[in-house]
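*Asks:* Please see the structure below; I have some questions.
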Amino acid sequence: MKQSRRQALPRDEPPETENEIRTSRAVAGYAYGVARPILVAAALFTLLLLLMVLSAIQRSSPFDVLLSSYSSPEKTSNAACSAVRKEPPPADKFHGGFLSTGFNESSCLSRYQSSLYRKPANHTPSAYLVEKLRRYEALHKKCGPRTERFRQSIKHLASNRTTGPLECNYVVWLPADGLGNRMISIASAFLYALLNDKVLLLHLPHDMADLFCEPFPDTSWLLPRDDFPVKNLNRIFEHDPHSYGNLLRNKVLSNDMNVSSSSSSLPGYLYLHLLHGNDDFDKMFYCGEGQQLLKNFPWLLLRSNQYFAPAFFFIPEFQDELDLLFPEKSTVFHHLGRYLFNPTNSVWGYITRYHEAYLANARDVLGIQIRIFAFANVEFDVMLSQIVNCSVKENLLPEVDLEGSNSLPGITGAKPKAVLVASLMGEYFDKLRDRYYEHAAVTGEVVSVYQPSHEEQQRTEKLTHNRKAFAEMYLLSMSDKMITSPFSTFGYVAHGLGGLQPWILVRNRNREPPCVRSLSMEPCFHFAPSYDCKAKKKADKGSVMPYVKHCEDFFLGIKVFDN
């Protein structure tokens, strides 16, 4: 039995070669069965031994090396092609028309190859959603950056005066917090654009460059930085004079006003402050009457760190459309996320190379996503025990023989069960890897434990950190089953993209049960509004509709379930 290269080998093992030491930073652990002696000719034995050594070196390549090996954009397309060792895509590579045929396939390999790395999805997008996406793509192409209509809309914005909607109307997304928060808020903003026939443009920071393929053919979803008349976008927050909440508070705006006949000059844009700490005036965005007013503004700037899509199900004007778009209601992020967030060729190369090196030969993969927040104050041993208890109790991983005899027979020739750990810390990987290295599984199964990286701290401002984060979200989404931490948007993105209902490590004093199975693949809207716009009073939004309930991991939040 051979241990992961990250730990020192037992004393009776030969020392590592210089080559192996140089490539030994990969955080991957193996547990091997007992090899049977084979009599072979001397020449064949030498050849096989050489091939095995070369293979071991490749499989010990760290995620950092995999990331750096394709840093040149000019090389990414061919590199990602060579990294894929799967069968050619099925005939229906456009997934029943869900994906547009208007792209050059080589420009975004993941769009057409990702299905090769996942089991067939059981969630088919509705024909109405497919049609809606095609119509949106046509709108975005007509009104997107560098078009004549866009230039005319920019001139109107520069005049700083609004008299009503234009032919092309826009939602500009502004970033907040980490990558997971950004992705769930982008998906929510796109749904808002779909429901209102507006064009979504992203003010992407430099630390998100080259993460996602362009989702709309023959155009871009990136806001041009050079000629946009609103400056200092990174400094626009709740106290901005164009803030919708502030204008309501100061009675410059009212939700029942007629914009076109207003005697006063209204601003050229409104800023929507949808961060978790917004106030009741900002939250009027989630009321139907507020939406009627907002339709009159051709430019809306929106900043959020929340998955606010569930709130649209409470707005009467949107309900029929949402029913048509998502008959299976808990698939909102699953479909929109797969449509929007396809890794660029450079990131796809990282994903496929790691998958081929460590996960491709596994019988099945269990993803474990661990995020410890400072406010949670959870001790390491307590969390580790909870993870182990959850995985064993739910039959996600086998129990081990802790008596130390290590004499239980292995299943010869069986494919291993792989565990993919995603965490900023490396200690959880170490303990899980050692658990299945030092003790035999009572079932005779072989369990291999891997961790692509351990950054120790979140560094959202760094592009390399975000590339690793997105790659690991995507690798987790390829798992067969998942265990996730509560309250983590990183985990939400991973299981949402994968269409998985995860086991969530719940917070309670007794740690019993250690985890609960989510009944929905949807992310949680952590800080949803508690105001009932129709009744004009506070209400429990988790009990108003049968398919919108409180989140398992955060009771104040709400999420969408299926009836």
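Going through the structure tokens in order, the chains are called A, B, and so on, while each chain numbers its residues from 1 and the ligands are numbered from 1 in the order shown.
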So which residues touch A:Lys329 within 9 Å, counting only C-alpha atoms, skipping near sequence neighbours fewer than 4 positions away, as a ChimeraX atom specification?

*Replies:* /A:322-323,325,547,560-563

*Asks:* So that each row is one residue of stretch 239-314 of chain A with an atom at most 8 Å from stretch 154-161 of chain A, can you give its shortest atom pair and the distance in Å to one decimal, using only C-alpha atoms, rows by chain and rising number, as JSON lines?

*Replies:*
{"residue": "A:Ser265", "atom": "CA", "partner": "A:Arg161", "partner_atom": "CA", "distance": 6.1}
{"residue": "A:Leu266", "atom": "CA", "partner": "A:Arg161", "partner_atom": "CA", "distance": 5.6}
{"residue": "A:Pro267", "atom": "CA", "partner": "A:Arg161", "partner_atom": "CA", "distance": 4.9}
{"residue": "A:Gly268", "atom": "CA", "partner": "A:Asn160", "partner_atom": "CA", "distance": 3.9}
{"residue": "A:Tyr269", "atom": "CA", "partner": "A:Leu157", "partner_atom": "CA", "distance": 7.0}
{"residue": "A:Trp299", "atom": "CA", "partner": "A:Leu157", "partner_atom": "CA", "distance": 7.3}

*Asks:* From the options A:Gln152, A:Gln458, A:Thr219, A:Ser453, which residue's atoms come nearest to A:Tyr136, counting only C-alpha atoms?

*Replies:*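 Looking at the shortest contact to A:Tyr136, the residue is A:Thr219.
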
*Asks:* Could you check which of A:His526, A:Lys417, A:Arg507, A:Arg338 is closest to A:Leu274, using only C-alpha atoms?

*Replies:*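 The shortest atom-to-atom distance to A:Leu274 comes from A:His526.
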
*Asks:* Write out as JSON, numbers by chain which residues come within 7 Å of stretch 310-318 of chain A when counting only C-alpha atoms, dropping same-chain ones fewer than 4 positions away.

*Replies:* {"A": [195, 286, 287, 288, 322, 525, 559, 560]}

*Asks:* Let's see if you can do this: from backbone DSSP, list all helix (DSSP H, G or I) residues in stretch 257-464 of chain A, as JSON, numbers by chain.

*Replies:* {"A": [282, 283, 284, 285, 286, 288, 289, 290, 291, 292, 293, 294, 309, 310, 311, 312, 313, 314, 316, 317, 318, 319, 320, 321, 322, 323, 324, 325, 329, 330, 331, 332, 333, 334, 335, 336, 337, 338, 339, 340, 345, 346, 347, 348, 349, 350, 351, 352, 353, 354, 355, 356, 357, 358, 359, 374, 375, 376, 380, 381, 382, 383, 384, 385, 386, 387, 388, 389, 390, 391, 392, 393, 427, 428, 429, 430, 431, 432, 433, 434, 435, 436, 437, 438, 463, 464]}
